[in-house]
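So the structure is just underneath, and the comments pick up after that.
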Amino acid sequence: MVKQLKLNALEEHLHDGMSILVGGFMCVGTPELIIDEIVKSNVKDLTIYCNDSGFEEQGVGKLIKNNQVKKLVASHIGLNPYAGKLMSSQEMDVELIPQGTLAERIRAGGSGLGGILTQTGINTIVEKNKQIINVNNQSYILETPIRADLAIIYGNKIDQYGNTMYRATTRNFNPVMAMAADKVIAQARHMVQQLDPECVHTPHIFVDYVIKEEDSD
Amino acid sequence: MTRQEKKEFIAKRVAREFTDGDVVNLGIGLPTLVANYIPEDITIYLQSENGLIGLGPKPDETTLDKDITNAGGQPVTLKTGGMYFDSATSFAIIRGGHVDKTVLGSLQVDETGSLANWIIPGKLVPGMGGAMDLVMGAKEVIIAMTHMNRGKTKILKRCTLPLTAKNQVNKIITEMGVFEIKDQKLYLLEYNKDFTIEEIKAATEADLIIHNPKEMVVY
């Protein structure tokens, strides 16, 4: 059985300086209730890995607005002007990496790989300070794995074991992130008894805690 | 032409680049318009890097589903036969060479096929999103953009902004013409008869090889 967590018990899993993988793509498939609780906890100096910087009032944008983020690793920050402002004033360290490289680095982190080799970013500033490896006369960038202390993900249906099924494009980064953190907390839109084993996107062994949406009041 | 007319003209011409069965990824902005003009006699499969193939038209009130979005985070619909997948699968599709054509906008393109479309240092730092993956991974890279930006040419001898990728662009389609890059040389394949060849050359910093170009047909 997966452990169910009340929102107000989330704080004991948070600490200053921790790293967090946040699922979602432009806030679609992002566990907003968990983010709200991290905002309330006011933990500082976070390193956040997310596809993008969300919007100013949505997604990881809420953590950025509350000045809790020391470093943001993302592929895109275009829709959150405040994130751009903090990047320019160097109040927040922003590392922009290609979206596919972000997905693969997280996948490597969760899969026990020492990194991945890719041609994305070759001959651009992305390759700066990275090892270039030649395979069959082609140059590849060695991109290192990403892991974090915590991953927060968003499932559409999660069963009592923690097996998780996503819906439509809310899936995005959630499955790879669930594999790459020491602790995984999932926000469940719906809790069900048991999912059809053929329809499990994230096996329960990756999910440590579930927070039910209906418990949020 | 107004700016909007130029965009529609370019989108209509890009839509004629596809063949039946193509897997295509359209970037945000002008490239998104291309979906409105796909010839009715072919079927193409639109991929969106946030995790779907089978991108359909914008939803109306009755078909709106907030869980179905495109790479710009906007609500979309899924066509019959379409499906969803996670980001790692999505980029395996892109990086593994399973996308036939990608259409992207650009700030600059040069005659060697290099492009710059993700950063203007000190000014605009949106990030590359999936653009670097798409231009490296797709079999064919088509740049769809207006020919000039505030009177300045965007087709250069060498890009001056930080690159998105080196030597990856195959075609450029603007309101002035259709250009092909082969062996690091730029060729004019088609021209818009609203412009003279001299005007097109003057609007293009790159060396342009002109050899019996055809008239650009858009309908």
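Convention: chains lettered A, B, ... in structure tokens order; per-chain residue numbering from 1; ligands numbered from 1 as shown.
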Please extract the residues of stretch 133-177 of chain B with a backbone DSSP assignment of strand (DSSP E or B) and present them as a PyMOL selection string. chain B and resi 140-144+148-149+152-153+155-156+165+171-173+177
Can those selected residues be exported to a file as a PDB file, in the first residue's frame so that it contains C-alpha atoms?
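Output file result.pdb is given in full below:
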```
ATOM      1  CA  GLU B 140      14.346  17.796 -42.986  1.00  0.00           C
ATOM      2  CA  VAL B 141      14.450  21.262 -41.418  1.00  0.00           C
ATOM      3  CA  ILE B 142      12.279  23.960 -42.998  1.00  0.00           C
ATOM      4  CA  ILE B 143      12.553  27.533 -41.771  1.00  0.00           C
ATOM      5  CA  ALA B 144       9.358  29.544 -42.223  1.00  0.00           C
ATOM      6  CA  MET B 148      13.273  40.791 -43.086  1.00  0.00           C
ATOM      7  CA  ASN B 149      13.003  41.991 -39.504  1.00  0.00           C
ATOM      8  CA  LYS B 152      17.111  44.066 -41.653  1.00  0.00           C
ATOM      9  CA  THR B 153      17.851  40.867 -43.548  1.00  0.00           C
ATOM     10  CA  ILE B 155      19.349  35.419 -44.302  1.00  0.00           C
ATOM     11  CA  LEU B 156      23.036  36.023 -43.681  1.00  0.00           C
ATOM     12  CA  ALA B 165      22.511  24.252 -34.589  1.00  0.00           C
ATOM     13  CA  LYS B 171      14.940  24.972 -46.821  1.00  0.00           C
ATOM     14  CA  ILE B 172      13.902  28.533 -46.090  1.00  0.00           C
ATOM     15  CA  ILE B 173      10.470  29.779 -47.110  1.00  0.00           C
ATOM     16  CA  GLY B 177      10.754  32.926 -52.232  1.00  0.00           C
TER      17      GLY B 177
END
```
Considering only helix (DSSP H, G or I) as DSSP defines it on the backbone, what residues of stretch 39-158 of chain B qualify? List them as a PyMOL selection string. chain B and resi 87-95+131-137
Atoms to include: C-alpha atoms. Write the selected residues as a tab-separated table (two decimals), in the first residue's frame.
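The new file part-v1.tsv reads:
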```tsv
chain	number	residue	atom	x	y	z
B	87	SER	CA	8.74	13.45	-22.79
B	88	ALA	CA	11.49	10.81	-23.08
B	89	THR	CA	9.52	8.95	-25.78
B	90	SER	CA	8.68	12.24	-27.45
B	91	PHE	CA	12.33	13.17	-27.77
B	92	ALA	CA	13.31	9.66	-28.80
B	93	ILE	CA	10.88	10.24	-31.69
B	94	ILE	CA	12.54	13.57	-32.44
B	95	ARG	CA	16.19	12.69	-31.81
B	131	ALA	CA	14.28	23.58	-30.97
B	132	MET	CA	17.85	22.24	-30.75
B	133	ASP	CA	16.59	18.67	-30.58
B	134	LEU	CA	14.22	19.18	-33.50
B	135	VAL	CA	16.78	20.70	-35.88
B	136	MET	CA	19.36	18.03	-35.08
B	137	GLY	CA	16.94	15.13	-35.19
```
Find the spatial neighbours of stretch 212-214 of chain B, counting only C-alpha atoms, within a cut-off of 9 Å - ignore same-chain residues fewer than 6 positions away - and output them as a short mmCIF file (atom, residue, chain, number, x, y, z; two decimals) with C-alpha atoms, in the first residue's frame.
```cif
data_model
loop_
_atom_site.label_atom_id
_atom_site.label_comp_id
_atom_site.auth_asym_id
_atom_site.auth_seq_id
_atom_site.Cartn_x
_atom_site.Cartn_y
_atom_site.Cartn_z
CA TYR B 187 19.92 28.46 -53.99
CA LEU B 188 16.78 30.33 -55.04
CA LEU B 189 14.30 27.63 -56.10
CA GLU B 190 11.17 29.76 -56.40
CA TYR B 191 10.46 33.48 -56.33
CA ASN B 192 7.35 35.48 -55.56
#
```
Could you tell me which residues of chain A sit within 8 Å of chain B when counting only C-alpha atoms, and give me the result as a PDB file with N, CA and C atoms, in the first residue's frame?
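The file below, part_38.pdb, is the result:
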```pdb
ATOM      1  N   PHE A  25       4.355  20.498 -17.960  1.00  0.00           N
ATOM      2  CA  PHE A  25       4.832  21.184 -19.158  1.00  0.00           C
ATOM      3  C   PHE A  25       3.933  22.400 -19.323  1.00  0.00           C
ATOM      4  N   MET A  26       4.482  23.567 -19.133  1.00  0.00           N
ATOM      5  CA  MET A  26       3.682  24.801 -19.123  1.00  0.00           C
ATOM      6  C   MET A  26       2.516  24.651 -18.127  1.00  0.00           C
ATOM      7  N   CYS A  27       2.808  24.038 -17.005  1.00  0.00           N
ATOM      8  CA  CYS A  27       1.841  23.852 -15.903  1.00  0.00           C
ATOM      9  C   CYS A  27       0.753  22.822 -16.213  1.00  0.00           C
ATOM     10  N   VAL A  28       0.846  22.135 -17.328  1.00  0.00           N
ATOM     11  CA  VAL A  28      -0.082  21.041 -17.619  1.00  0.00           C
ATOM     12  C   VAL A  28       0.549  19.767 -17.047  1.00  0.00           C
ATOM     13  N   GLY A  29      -0.118  19.166 -16.048  1.00  0.00           N
ATOM     14  CA  GLY A  29       0.464  18.003 -15.386  1.00  0.00           C
ATOM     15  C   GLY A  29       1.396  18.377 -14.249  1.00  0.00           C
ATOM     16  N   SER A  75      14.179  24.142 -19.806  1.00  0.00           N
ATOM     17  CA  SER A  75      14.463  24.302 -21.242  1.00  0.00           C
ATOM     18  C   SER A  75      13.946  25.637 -21.764  1.00  0.00           C
ATOM     19  N   HIS A  76      13.071  26.285 -20.991  1.00  0.00           N
ATOM     20  CA  HIS A  76      12.389  27.459 -21.506  1.00  0.00           C
ATOM     21  C   HIS A  76      11.887  28.313 -20.355  1.00  0.00           C
ATOM     22  N   ILE A  77      12.109  29.627 -20.421  1.00  0.00           N
ATOM     23  CA  ILE A  77      11.569  30.492 -19.357  1.00  0.00           C
ATOM     24  C   ILE A  77      10.765  31.647 -19.942  1.00  0.00           C
ATOM     25  N   GLY A  78      10.389  31.503 -21.209  1.00  0.00           N
ATOM     26  CA  GLY A  78       9.790  32.611 -21.964  1.00  0.00           C
ATOM     27  C   GLY A  78       8.456  33.127 -21.458  1.00  0.00           C
ATOM     28  N   LEU A  79       7.690  32.322 -20.748  1.00  0.00           N
ATOM     29  CA  LEU A  79       6.343  32.768 -20.362  1.00  0.00           C
ATOM     30  C   LEU A  79       6.263  33.271 -18.926  1.00  0.00           C
ATOM     31  N   GLY A  84      12.748  35.673 -15.965  1.00  0.00           N
ATOM     32  CA  GLY A  84      13.730  36.332 -16.832  1.00  0.00           C
ATOM     33  C   GLY A  84      14.430  37.479 -16.116  1.00  0.00           C
ATOM     34  N   SER A  88      18.393  37.846 -15.295  1.00  0.00           N
ATOM     35  CA  SER A  88      19.209  38.993 -15.728  1.00  0.00           C
ATOM     36  C   SER A  88      19.919  39.644 -14.549  1.00  0.00           C
ATOM     37  N   LEU A  96      19.769  26.845 -18.842  1.00  0.00           N
ATOM     38  CA  LEU A  96      18.847  26.461 -19.912  1.00  0.00           C
ATOM     39  C   LEU A  96      19.442  25.289 -20.671  1.00  0.00           C
ATOM     40  N   ILE A  97      18.699  24.210 -20.777  1.00  0.00           N
ATOM     41  CA  ILE A  97      19.191  23.060 -21.520  1.00  0.00           C
ATOM     42  C   ILE A  97      18.124  22.550 -22.480  1.00  0.00           C
ATOM     43  N   PRO A  98      18.548  21.974 -23.600  1.00  0.00           N
ATOM     44  CA  PRO A  98      17.557  21.500 -24.575  1.00  0.00           C
ATOM     45  C   PRO A  98      16.588  20.501 -23.935  1.00  0.00           C
ATOM     46  N   GLN A  99      15.329  20.615 -24.345  1.00  0.00           N
ATOM     47  CA  GLN A  99      14.270  19.820 -23.725  1.00  0.00           C
ATOM     48  C   GLN A  99      14.523  18.312 -23.780  1.00  0.00           C
ATOM     49  N   GLY A 100      14.991  17.841 -24.920  1.00  0.00           N
ATOM     50  CA  GLY A 100      15.270  16.412 -25.046  1.00  0.00           C
ATOM     51  C   GLY A 100      16.429  15.994 -24.161  1.00  0.00           C
ATOM     52  N   THR A 101      17.414  16.876 -24.050  1.00  0.00           N
ATOM     53  CA  THR A 101      18.557  16.595 -23.177  1.00  0.00           C
ATOM     54  C   THR A 101      18.113  16.569 -21.721  1.00  0.00           C
ATOM     55  N   ALA A 103      15.112  15.707 -20.620  1.00  0.00           N
ATOM     56  CA  ALA A 103      14.386  14.441 -20.426  1.00  0.00           C
ATOM     57  C   ALA A 103      15.353  13.269 -20.316  1.00  0.00           C
ATOM     58  N   GLU A 104      16.358  13.245 -21.191  1.00  0.00           N
ATOM     59  CA  GLU A 104      17.304  12.120 -21.215  1.00  0.00           C
ATOM     60  C   GLU A 104      18.238  12.132 -20.007  1.00  0.00           C
ATOM     61  N   ARG A 107      16.196  10.764 -17.293  1.00  0.00           N
ATOM     62  CA  ARG A 107      16.030   9.320 -17.526  1.00  0.00           C
ATOM     63  C   ARG A 107      17.311   8.578 -17.119  1.00  0.00           C
ATOM     64  N   GLN A 119      23.846  14.522 -30.002  1.00  0.00           N
ATOM     65  CA  GLN A 119      24.343  15.542 -30.933  1.00  0.00           C
ATOM     66  C   GLN A 119      23.609  16.867 -30.751  1.00  0.00           C
ATOM     67  N   THR A 120      22.534  16.836 -29.966  1.00  0.00           N
ATOM     68  CA  THR A 120      21.825  18.099 -29.713  1.00  0.00           C
ATOM     69  C   THR A 120      22.743  19.053 -28.958  1.00  0.00           C
ATOM     70  N   GLY A 121      22.926  20.243 -29.510  1.00  0.00           N
ATOM     71  CA  GLY A 121      23.767  21.250 -28.863  1.00  0.00           C
ATOM     72  C   GLY A 121      25.204  21.267 -29.348  1.00  0.00           C
ATOM     73  N   ILE A 122      25.536  20.322 -30.216  1.00  0.00           N
ATOM     74  CA  ILE A 122      26.916  20.273 -30.725  1.00  0.00           C
ATOM     75  C   ILE A 122      27.163  21.537 -31.575  1.00  0.00           C
ATOM     76  N   ASN A 123      28.358  22.109 -31.456  1.00  0.00           N
ATOM     77  CA  ASN A 123      28.714  23.359 -32.137  1.00  0.00           C
ATOM     78  C   ASN A 123      27.888  24.566 -31.692  1.00  0.00           C
ATOM     79  N   THR A 124      27.313  24.486 -30.489  1.00  0.00           N
ATOM     80  CA  THR A 124      26.613  25.644 -29.919  1.00  0.00           C
ATOM     81  C   THR A 124      27.159  25.876 -28.510  1.00  0.00           C
ATOM     82  N   ILE A 125      26.672  26.920 -27.833  1.00  0.00           N
ATOM     83  CA  ILE A 125      27.189  27.179 -26.480  1.00  0.00           C
ATOM     84  C   ILE A 125      26.786  26.090 -25.485  1.00  0.00           C
ATOM     85  N   ARG A 167      -3.005  11.304 -17.727  1.00  0.00           N
ATOM     86  CA  ARG A 167      -4.033  11.511 -18.740  1.00  0.00           C
ATOM     87  C   ARG A 167      -3.543  12.524 -19.772  1.00  0.00           C
ATOM     88  N   ALA A 168      -3.736  12.161 -21.046  1.00  0.00           N
ATOM     89  CA  ALA A 168      -3.427  13.050 -22.181  1.00  0.00           C
ATOM     90  C   ALA A 168      -2.022  13.652 -22.025  1.00  0.00           C
ATOM     91  N   THR A 169      -1.883  14.944 -22.316  1.00  0.00           N
ATOM     92  CA  THR A 169      -0.533  15.529 -22.294  1.00  0.00           C
ATOM     93  C   THR A 169      -0.097  15.972 -20.895  1.00  0.00           C
ATOM     94  N   THR A 170      -0.846  15.559 -19.846  1.00  0.00           N
ATOM     95  CA  THR A 170      -0.337  15.825 -18.493  1.00  0.00           C
ATOM     96  C   THR A 170       0.809  14.864 -18.152  1.00  0.00           C
ATOM     97  N   ARG A 171       1.041  13.873 -19.008  1.00  0.00           N
ATOM     98  CA  ARG A 171       2.066  12.862 -18.711  1.00  0.00           C
ATOM     99  C   ARG A 171       3.475  13.473 -18.755  1.00  0.00           C
ATOM    100  N   ASN A 172       3.812  14.046 -19.864  1.00  0.00           N
ATOM    101  CA  ASN A 172       5.101  14.715 -20.142  1.00  0.00           C
ATOM    102  C   ASN A 172       6.293  14.230 -19.288  1.00  0.00           C
ATOM    103  N   PHE A 173       6.826  15.068 -18.419  1.00  0.00           N
ATOM    104  CA  PHE A 173       8.040  14.713 -17.670  1.00  0.00           C
ATOM    105  C   PHE A 173       7.771  13.854 -16.431  1.00  0.00           C
ATOM    106  N   ASN A 174       6.485  13.676 -16.066  1.00  0.00           N
ATOM    107  CA  ASN A 174       6.183  12.984 -14.807  1.00  0.00           C
ATOM    108  C   ASN A 174       6.789  11.579 -14.703  1.00  0.00           C
ATOM    109  N   PRO A 175       6.651  10.721 -15.738  1.00  0.00           N
ATOM    110  CA  PRO A 175       7.201   9.356 -15.584  1.00  0.00           C
ATOM    111  C   PRO A 175       8.716   9.307 -15.394  1.00  0.00           C
ATOM    112  N   VAL A 176       9.472  10.106 -16.125  1.00  0.00           N
ATOM    113  CA  VAL A 176      10.937  10.054 -15.951  1.00  0.00           C
ATOM    114  C   VAL A 176      11.345  10.643 -14.619  1.00  0.00           C
TER     115      VAL A 176
END
```
Excluding stretch 157-166 of chain A and its own-chain neighbours fewer than 5 positions away, which residues fall within 10 Å of it when counting only C-alpha atoms? Please give them as number ranges by chain. A: 1-4, 29, 171-172, 174-175, 186-197, 199-212; B: 67, 84-86
Do a neighbour search on A:Thr47 at 10 Å with only C-alpha atoms, toss out local chain neighbours closer than 3 positions, and write the hits as a VMD selection string. chain A and resid 16 to 21 44 50 68 to 73 92 to 94 148 to 149
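Note that the spacing between atom CA of A:Val22 and atom CA of B:Leu46 amounts to 26.9 Å.
Atom pair atom CA of B:Lys7 / atom CA of B:Leu33: separated by 8.0 Å.
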By how many Å are atom CA of B:Thr43 and atom CA of B:Ile181 apart? 26.6 Å
Long-range neighbours of B:Gln184 as number ranges by chain, 12 Å cut-off, only C-alpha atoms, 2 positions minimum in chain: B: 109-114, 157-158, 166-171, 180-182, 186-187, 206-209
Between A:Ile35, A:Ile106, A:Leu142, A:Leu113, which has the minimum distance to A:Ile185 (counting only C-alpha atoms)?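 Under the stated criterion, the closest residue is A:Ile35.
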